[in-house]
file work_16.cif (mmCIF, C-alpha atoms)
data_entry
#
loop_
_atom_site.label_atom_id
_atom_site.label_comp_id
_atom_site.auth_asym_id
_atom_site.auth_seq_id
_atom_site.Cartn_x
_atom_site.Cartn_y
_atom_site.Cartn_z
CA MET A 20 143.08 63.55 107.99
CA ASN A 21 142.64 63.54 111.71
CA PRO A 22 139.49 61.55 112.42
CA LEU A 23 138.82 63.63 115.48
CA MET A 24 138.72 66.71 113.31
CA MET A 25 136.42 64.92 110.93
CA LEU A 26 134.17 63.93 113.78
CA GLY A 27 134.41 67.46 115.00
CA ASN A 28 132.68 68.48 111.83
CA ASN A 29 129.62 66.64 113.03
CA ASN A 30 128.65 67.15 116.62
CA MET A 31 125.89 64.57 116.42
CA MET A 32 128.19 61.82 115.20
CA MET A 33 130.62 62.68 117.98
CA LYS A 34 127.87 62.51 120.55
CA ALA A 35 126.74 59.14 119.18
CA MET A 36 130.29 57.80 119.30
CA GLY A 37 130.61 58.86 122.91
CA ALA A 38 127.27 57.29 123.83
CA MET A 39 128.17 54.04 122.10
CA MET A 40 131.53 53.93 123.91
CA ARG A 41 129.75 54.51 127.22
CA GLY A 42 127.54 51.52 126.50
CA GLU A 43 124.27 53.38 126.12
CA LYS A 44 121.43 51.90 124.14
CA PRO A 45 121.04 53.55 120.72
CA GLY A 46 117.26 53.86 121.10
CA ASP A 47 117.58 55.70 124.38
CA PHE A 48 120.30 57.94 122.99
CA LEU A 49 118.13 58.93 120.01
CA LYS A 50 115.09 59.49 122.20
CA ASN A 51 117.07 61.85 124.42
CA LEU A 52 118.53 63.53 121.36
CA ALA A 53 115.04 64.05 119.96
CA ASN A 54 114.10 66.17 122.99
CA SER A 55 116.32 68.98 121.72
CA ASN A 56 116.25 68.21 117.98
CA PRO A 57 112.87 68.48 116.24
CA GLN A 58 114.25 66.69 113.20
CA LEU A 59 114.19 63.47 115.18
CA GLN A 60 110.78 63.88 116.68
CA GLY A 61 108.08 61.58 115.39
CA LEU A 62 110.49 58.83 114.45
CA ASN A 63 110.06 55.31 115.80
CA PHE A 64 113.15 54.55 117.85
CA ASP A 65 111.83 51.20 118.98
CA ASP A 66 112.48 49.88 115.48
CA LEU A 67 115.81 51.44 114.54
CA GLU A 68 116.36 49.26 111.51
CA GLY A 69 112.96 49.97 110.06
CA THR A 70 113.33 53.68 110.74
CA ALA A 71 116.77 53.76 109.14
CA LYS A 72 115.47 51.94 106.06
CA THR A 73 112.53 54.28 105.78
CA LEU A 74 114.72 57.37 106.04
CA CYS A 75 117.21 56.04 103.50
CA ASP A 76 114.45 55.13 101.06
CA ARG A 77 112.74 58.46 101.55
CA ASN A 78 116.00 60.32 100.84
CA ASN A 79 117.09 58.01 98.04
CA VAL A 80 120.13 56.78 99.94
CA ASN A 81 121.57 53.29 99.61
CA MET A 82 121.49 52.10 103.19
CA ASN A 83 124.03 49.30 102.74
CA GLU A 84 126.46 51.59 100.99
CA LEU A 85 126.13 54.22 103.69
CA ALA A 86 126.51 51.57 106.41
CA ASP A 87 129.70 50.30 104.78
CA LYS A 88 131.13 53.80 104.71
CA ILE A 89 130.27 54.25 108.36
CA ARG A 90 131.96 50.93 109.21
CA ASP A 91 135.04 51.83 107.14
CA PHE A 92 135.21 55.14 108.90
CA ALA A 93 135.05 53.43 112.28
CA LYS A 94 137.66 50.82 111.38
CA SER A 95 140.06 53.37 110.02
CA ASN A 96 139.88 55.21 113.28
CA THR A 97 140.40 52.32 115.69
CA MET B 17 138.20 53.59 119.58
CA GLY B 18 135.83 51.25 121.29
CA ASP B 19 133.19 48.98 119.78
CA THR B 20 133.24 49.19 116.00
CA SER B 21 130.90 46.24 115.43
CA PHE B 22 127.91 48.48 116.04
CA SER B 23 126.26 45.85 118.20
CA GLY B 24 122.85 46.45 119.65
CA GLY B 25 121.64 48.41 116.64
CA TRP B 26 124.13 51.26 116.84
CA ILE B 27 124.77 51.03 113.09
CA PHE B 28 121.14 51.98 112.50
CA ALA B 29 121.45 54.82 114.97
CA PHE B 30 124.44 56.14 113.03
CA LEU B 31 122.53 55.66 109.79
CA ILE B 32 119.65 57.69 111.14
CA ILE B 33 121.97 60.43 112.39
CA ALA B 34 123.91 60.46 109.13
CA VAL B 35 120.77 60.73 107.02
CA ILE B 36 119.13 63.36 109.14
CA PHE B 37 122.06 65.51 110.25
CA GLY B 38 124.54 64.61 107.52
CA TRP B 39 127.85 63.00 108.13
CA GLY B 40 131.20 64.69 107.63
CA GLY B 41 130.12 67.08 104.96
CA ALA B 42 132.53 68.79 102.59
CA GLY B 43 135.55 68.11 104.75
CA MET B 44 134.86 64.38 104.80
CA GLY B 45 136.09 63.44 101.32
CA GLY B 46 134.29 60.27 100.31
CA ASN B 47 131.27 61.07 102.38
CA ALA B 48 130.51 64.38 100.75
CA ASN B 49 127.54 62.79 99.02
CA VAL B 50 125.96 62.05 102.38
CA ALA B 51 124.70 65.51 103.05
CA ALA B 52 121.86 66.56 105.26
CA TYR B 53 118.64 65.29 103.75
CA ALA B 54 115.22 66.57 104.42
CA THR B 55 113.48 64.26 106.80
CA MET B 56 109.78 63.66 107.01
CA ALA B 57 109.80 65.82 110.11
CA ASP B 58 111.39 68.65 108.11
CA VAL B 59 108.83 68.24 105.34
CA ASN B 60 106.02 68.09 107.84
CA ALA B 61 107.40 71.12 109.62
CA ALA B 62 107.59 72.99 106.32
CA ILE B 63 104.05 71.93 105.42
CA ASN B 64 102.85 72.84 108.86
CA ASN B 65 104.59 76.19 108.53
CA GLN B 66 102.91 76.72 105.19
CA SER B 67 99.58 75.74 106.68
CA THR B 68 100.24 78.08 109.57
CA GLN B 69 101.05 80.92 107.20
CA GLN B 70 97.94 80.19 105.18
CA ALA B 71 95.91 80.10 108.37
CA LEU B 72 97.49 83.37 109.49
CA GLY B 73 96.70 84.89 106.10
CA ALA B 74 93.13 83.69 106.39
CA ILE B 75 92.93 85.05 109.93
CA GLN B 76 94.36 88.39 108.81
CA LEU B 77 91.93 88.53 105.91
CA SER B 78 89.09 87.56 108.20
CA SER B 79 90.21 90.15 110.72
CA ALA B 80 90.41 92.79 108.02
CA ASN B 81 86.97 91.81 106.78
CA ASN B 82 85.66 91.89 110.31
CA ASN B 83 87.21 95.30 110.88
CA TYR B 84 85.73 96.58 107.64
CA GLU B 85 82.35 95.10 108.50
CA THR B 86 82.53 96.56 112.00
CA ALA B 87 83.46 99.97 110.63
CA ARG B 88 80.66 99.73 108.09
CA LEU B 89 78.14 98.77 110.76
CA ILE B 90 79.31 101.63 112.97
CA SER B 91 79.08 103.99 110.02
CA ASP B 92 75.59 102.74 109.20
CA GLN B 93 74.63 103.02 112.85
CA ASN B 94 75.97 106.57 113.00
CA MET B 95 74.10 107.41 109.83
CA ASN B 96 70.92 105.93 111.26
CA MET B 97 71.42 107.86 114.49
CA MET B 98 72.03 111.10 112.57
CA GLN B 99 68.96 110.49 110.45
CA GLN B 100 66.95 109.71 113.58
CA ASN B 101 68.28 112.86 115.22
CA ASN B 102 67.35 114.89 112.18
CA THR B 103 63.90 113.33 112.19
CA ASN B 104 63.57 114.08 115.90
CA LEU B 105 64.68 117.66 115.36
CA ILE B 106 62.29 118.09 112.47
CA ASN B 107 59.47 116.60 114.52
CA ALA B 108 60.40 118.81 117.45
CA ILE B 109 60.49 121.91 115.25
CA GLN B 110 57.21 120.92 113.66
CA GLY B 111 55.82 120.30 117.11
CA PHE B 112 57.02 123.70 118.27
CA ASN B 113 55.57 125.28 115.17
CA THR B 114 52.25 123.57 115.82
CA THR B 115 52.35 124.65 119.44
CA ASN B 116 53.28 128.19 118.48
CA GLN B 117 50.47 128.21 115.94
CA SER B 118 48.05 126.93 118.55
CA ILE B 119 49.23 129.55 121.02
CA ALA B 120 48.94 132.23 118.38
CA ASN B 121 45.47 131.03 117.49
CA GLY B 122 44.60 131.01 121.17
CA PHE B 123 45.85 134.56 121.63
CA ALA B 124 43.96 135.64 118.54
CA SER B 125 40.80 134.13 119.94
CA VAL B 126 41.44 135.74 123.33
CA ASN B 127 42.10 139.09 121.70
CA GLN B 128 38.93 138.76 119.69
CA ASN B 129 36.98 137.88 122.80
CA ILE B 130 38.52 140.82 124.62
CA ALA B 131 37.56 143.06 121.72
CA ASN B 132 34.05 141.66 121.78
CA LEU B 133 33.92 142.16 125.52
CA GLY B 134 35.01 145.76 125.14
CA TYR B 135 32.39 146.30 122.47
CA LYS B 136 29.73 144.69 124.61
CA MET B 137 30.81 146.69 127.65
CA GLU B 138 30.65 149.88 125.64
CA GLU B 139 27.28 148.83 124.27
CA CYS B 140 26.06 148.04 127.76
CA CYS B 141 27.36 151.35 129.08
CA CYS B 142 25.71 153.19 126.21
CA GLY B 143 22.46 151.39 126.93
CA ILE B 144 22.66 152.31 130.60
CA LYS B 145 23.41 155.93 129.78
CA THR B 146 20.53 156.03 127.32
CA MET B 147 18.23 154.45 129.87
CA LEU B 148 19.31 156.93 132.52
CA LEU B 149 18.75 159.82 130.13
CA GLU B 150 15.39 158.40 129.16
CA ASN B 151 14.48 158.02 132.80
CA ARG B 152 15.60 161.55 133.50
CA LEU B 153 13.65 162.84 130.52
CA GLN B 154 10.63 160.93 131.63
CA ASP B 155 10.97 162.35 135.16
CA THR B 156 11.37 165.81 133.73
CA GLN B 157 8.33 165.32 131.52
CA ILE B 158 6.37 164.06 134.51
CA ALA B 159 7.52 166.98 136.58
CA LEU B 160 6.66 169.32 133.76
CA GLN B 161 3.24 167.75 133.39
CA GLN B 162 2.66 167.98 137.08
CA SER B 163 3.79 171.56 137.06
CA GLN B 164 1.50 172.33 134.18
CA THR B 165 -1.34 170.57 135.95
CA ALA B 166 -0.61 172.54 139.07
CA ASN B 167 -0.52 175.73 137.07
CA ILE B 168 -3.84 174.90 135.49
CA VAL B 169 -5.35 174.08 138.85
CA ASP B 170 -3.86 177.24 140.24
CA ALA B 171 -5.23 179.27 137.35
CA GLN B 172 -8.66 177.73 137.73
CA SER B 173 -8.57 178.33 141.45
CA ARG B 174 -7.65 181.93 140.86
CA TYR B 175 -10.40 182.31 138.37
CA LEU B 176 -12.98 180.73 140.65
CA LEU B 177 -11.83 182.84 143.55
CA SER B 178 -11.93 185.96 141.44
CA GLN B 179 -15.45 185.18 140.53
CA LEU B 180 -16.36 184.84 144.19
CA GLY B 181 -14.71 187.91 145.58
CA THR B 182 -11.43 189.43 146.38
CA PHE B 183 -8.48 187.26 145.80
CA VAL B 184 -6.44 186.79 148.94
CA PRO B 185 -2.99 185.66 148.11
CA THR B 186 -2.26 184.77 151.70
CA ALA B 187 -5.41 182.80 152.38
CA ALA B 188 -4.96 179.63 154.29
CA ALA B 189 -5.19 176.44 152.30
CA VAL B 190 -8.31 174.33 152.77
#
call {"tool": "encode", "arguments": {"input": "work_16.cif", "output": "structure tokens"}}
result
Amino acid sequence: MNPLMMLGNNNMMMKAMGAMMRGEKPGDFLKNLANSNPQLQGLNFDDLEGTAKTLCDRNNVNMNELADKIRDFAKSNT
Amino acid sequence: MGDTSFSGGWIFAFLIIAVIFGWGGAGMGGNANVAAYATMADVNAAINNQSTQQALGAIQLSSANNNYETARLISDQNMNMMQQNNTNLINAIQGFNTTNQSIANGFASVNQNIANLGYKMEECCCGIKTMLLENRLQDTQIALQQSQTANIVDAQSRYLLSQLGTFVPTAAAV
């Protein structure tokens, strides 16, 4: 499957990929993203790891497993 | 593709985005289980929305109660005003009746006084007439008495003169 099409299914992931490739800081990217996305508002972007853990725990998601899948996805598309 | 080591915390940024917005979805195969989860912000927003709806319901109920209370107060006020108006009208009518009664009593008294005055005037007039008639009668009686006296004196004079001599009808008075 074309990874670009897969990324195209998720505009946010595509935006994050672009920001990462441009060398932006993830905290700044999320803060800017929160301005137009209420779902992100109220989160602590100064502690990304803690926030990610909290969100994963709150939604019953295995953070390591999800991180591995994200890494595999990135590797398979480089 | 560029940096895939997710240095600088980008892996956590992707984790956050994946958890909140979902990643791939149904077309992503192995990642279909990573759907969009409800974040705390979503839950808070839902709770806030529920609180807002409850507050709106309370406001609507309060507004309805206020409207009902206002309408009831206005109705009571109108009723009080109508009752007061009726009382005022009744008092006014009673006042007019009292005034009319007083006026009628006054006219009755005036009429009675006028009647009394007429009676007294008639009585006075009758008295005057009687007095005038009495005076006239008395004058007539006096005149009659004087005439009789004169006649007697005349008769005596005639008799005395006849005893003395010839009666002279044209003799000069002494």
call {"tool": "closest_residue", "arguments": {"input": "work_16.cif", "among": "A:Lys34, A:Glu84, A:Leu52, A:Gln58", "to": "chain B", "atoms": "only C-alpha atoms"}}
result
A:Gln58
call {"tool": "resolve_selection", "arguments": {"input": "work_16.cif", "expression": "the PyMOL selection byres ((chain A and resi 48) around 10)", "output": "list of chain:residue names"}}
result
A:Lys34, A:Ala35, A:Ala38, A:Met39, A:Glu43, A:Lys44, A:Pro45, A:Gly46, A:Asp47, A:Leu49, A:Lys50, A:Asn51, A:Leu52, A:Ala53, A:Phe64, B:Trp26, B:Ala29
call {"tool": "residues_near_point", "arguments": {"input": "work_16.cif", "point": "(126.0, 49.8, 110.5)", "cutoff": "8 Å", "atoms": "all atoms listed in the file", "output": "ChimeraX atom specification"}}
result
/A:86-87,89-90 /B:21-22,25-28,30-31
call {"tool": "closest_residue", "arguments": {"input": "work_16.cif", "among": "B:Leu177, B:Ser23, B:Gly73, B:Ile32", "to": "Thr73 (chain A)", "atoms": "all atoms listed in the file"}}
result
B:Ile32
call {"tool": "closest_residue", "arguments": {"input": "work_16.cif", "among": "A:Arg41, A:Asn56, A:Met33, A:Leu67", "to": "chain B", "atoms": "all atoms listed in the file"}}
result
A:Leu67
call {"tool": "closest_residue", "arguments": {"input": "work_16.cif", "among": "A:Asn30, A:Asn54, A:Asn63, A:Ala71", "to": "chain B", "atoms": "all atoms listed in the file"}}
result
A:Ala71
call {"tool": "closest_residue", "arguments": {"input": "work_16.cif", "among": "A:Lys72, A:Met31, A:Gly42, A:Leu59", "to": "Leu85 (chain A)", "atoms": "all atoms listed in the file"}}
result
A:Lys72
call {"tool": "atom_distance", "arguments": {"input": "work_16.cif", "atom1": "CA of Leu105 (chain B)", "atom2": "CA of Gln117 (chain B)"}}
result
17.7 Å
call {"tool": "atom_distance", "arguments": {"input": "work_16.cif", "atom1": "CA of Gln60 (chain A)", "atom2": "CA of Gln69 (chain B)"}}
result
21.8 Å
call {"tool": "decode", "arguments": {"input": "work_16.cif", "residues": "region 42-60 of chain A", "atoms": "N, CA and C atoms", "output": "mmCIF file, in the first residue's frame"}}
result
data_model
loop_
_atom_site.group_PDB
_atom_site.id
_atom_site.type_symbol
_atom_site.label_atom_id
_atom_site.label_comp_id
_atom_site.auth_asym_id
_atom_site.auth_seq_id
_atom_site.Cartn_x
_atom_site.Cartn_y
_atom_site.Cartn_z
ATOM 1 N N GLY A 42 12.433 20.002 10.792
ATOM 2 C CA GLY A 42 13.272 20.235 11.964
ATOM 3 C C GLY A 42 12.601 21.004 13.077
ATOM 4 N N GLU A 43 11.277 21.073 13.034
ATOM 5 C CA GLU A 43 10.574 21.789 14.117
ATOM 6 C C GLU A 43 10.630 20.991 15.409
ATOM 7 N N LYS A 44 10.419 21.680 16.506
ATOM 8 C CA LYS A 44 10.351 21.008 17.797
ATOM 9 C C LYS A 44 8.934 20.460 17.991
ATOM 10 N N PRO A 45 8.836 19.216 18.469
ATOM 11 C CA PRO A 45 7.499 18.594 18.593
ATOM 12 C C PRO A 45 6.581 19.361 19.532
ATOM 13 N N GLY A 46 7.172 19.934 20.610
ATOM 14 C CA GLY A 46 6.320 20.681 21.558
ATOM 15 C C GLY A 46 5.707 21.906 20.903
ATOM 16 N N ASP A 47 6.528 22.611 20.124
ATOM 17 C CA ASP A 47 6.015 23.799 19.439
ATOM 18 C C ASP A 47 4.964 23.422 18.399
ATOM 19 N N PHE A 48 5.219 22.328 17.689
ATOM 20 C CA PHE A 48 4.259 21.886 16.678
ATOM 21 C C PHE A 48 2.904 21.578 17.328
ATOM 22 N N LEU A 49 2.937 20.857 18.445
ATOM 23 C CA LEU A 49 1.670 20.495 19.109
ATOM 24 C C LEU A 49 0.976 21.730 19.683
ATOM 25 N N LYS A 50 1.757 22.657 20.197
ATOM 26 C CA LYS A 50 1.151 23.883 20.738
ATOM 27 C C LYS A 50 0.429 24.658 19.633
ATOM 28 N N ASN A 51 1.096 24.770 18.480
ATOM 29 C CA ASN A 51 0.447 25.449 17.352
ATOM 30 C C ASN A 51 -0.780 24.682 16.878
ATOM 31 N N LEU A 52 -0.657 23.359 16.894
ATOM 32 C CA LEU A 52 -1.785 22.530 16.449
ATOM 33 C C LEU A 52 -2.978 22.671 17.398
ATOM 34 N N ALA A 53 -2.665 22.890 18.674
ATOM 35 C CA ALA A 53 -3.734 23.000 19.669
ATOM 36 C C ALA A 53 -4.568 24.265 19.471
ATOM 37 N N ASN A 54 -3.995 25.264 18.794
ATOM 38 C CA ASN A 54 -4.737 26.514 18.598
ATOM 39 C C ASN A 54 -6.010 26.290 17.771
ATOM 40 N N SER A 55 -5.933 25.312 16.852
ATOM 41 C CA SER A 55 -7.088 25.062 15.986
ATOM 42 C C SER A 55 -7.722 23.700 16.258
ATOM 43 N N ASN A 56 -7.271 23.001 17.285
ATOM 44 C CA ASN A 56 -7.823 21.682 17.606
ATOM 45 C C ASN A 56 -8.087 21.580 19.114
ATOM 46 N N PRO A 57 -9.308 21.748 19.521
ATOM 47 C CA PRO A 57 -9.651 21.751 20.948
ATOM 48 C C PRO A 57 -9.279 20.460 21.659
ATOM 49 N N GLN A 58 -9.163 19.356 20.856
ATOM 50 C CA GLN A 58 -8.818 18.097 21.510
ATOM 51 C C GLN A 58 -7.458 18.152 22.190
ATOM 52 N N LEU A 59 -6.618 19.018 21.697
ATOM 53 C CA LEU A 59 -5.251 19.103 22.211
ATOM 54 C C LEU A 59 -5.105 20.133 23.330
ATOM 55 N N GLN A 60 -6.109 20.934 23.474
ATOM 56 C CA GLN A 60 -5.990 22.022 24.447
ATOM 57 C C GLN A 60 -6.037 21.461 25.866
#
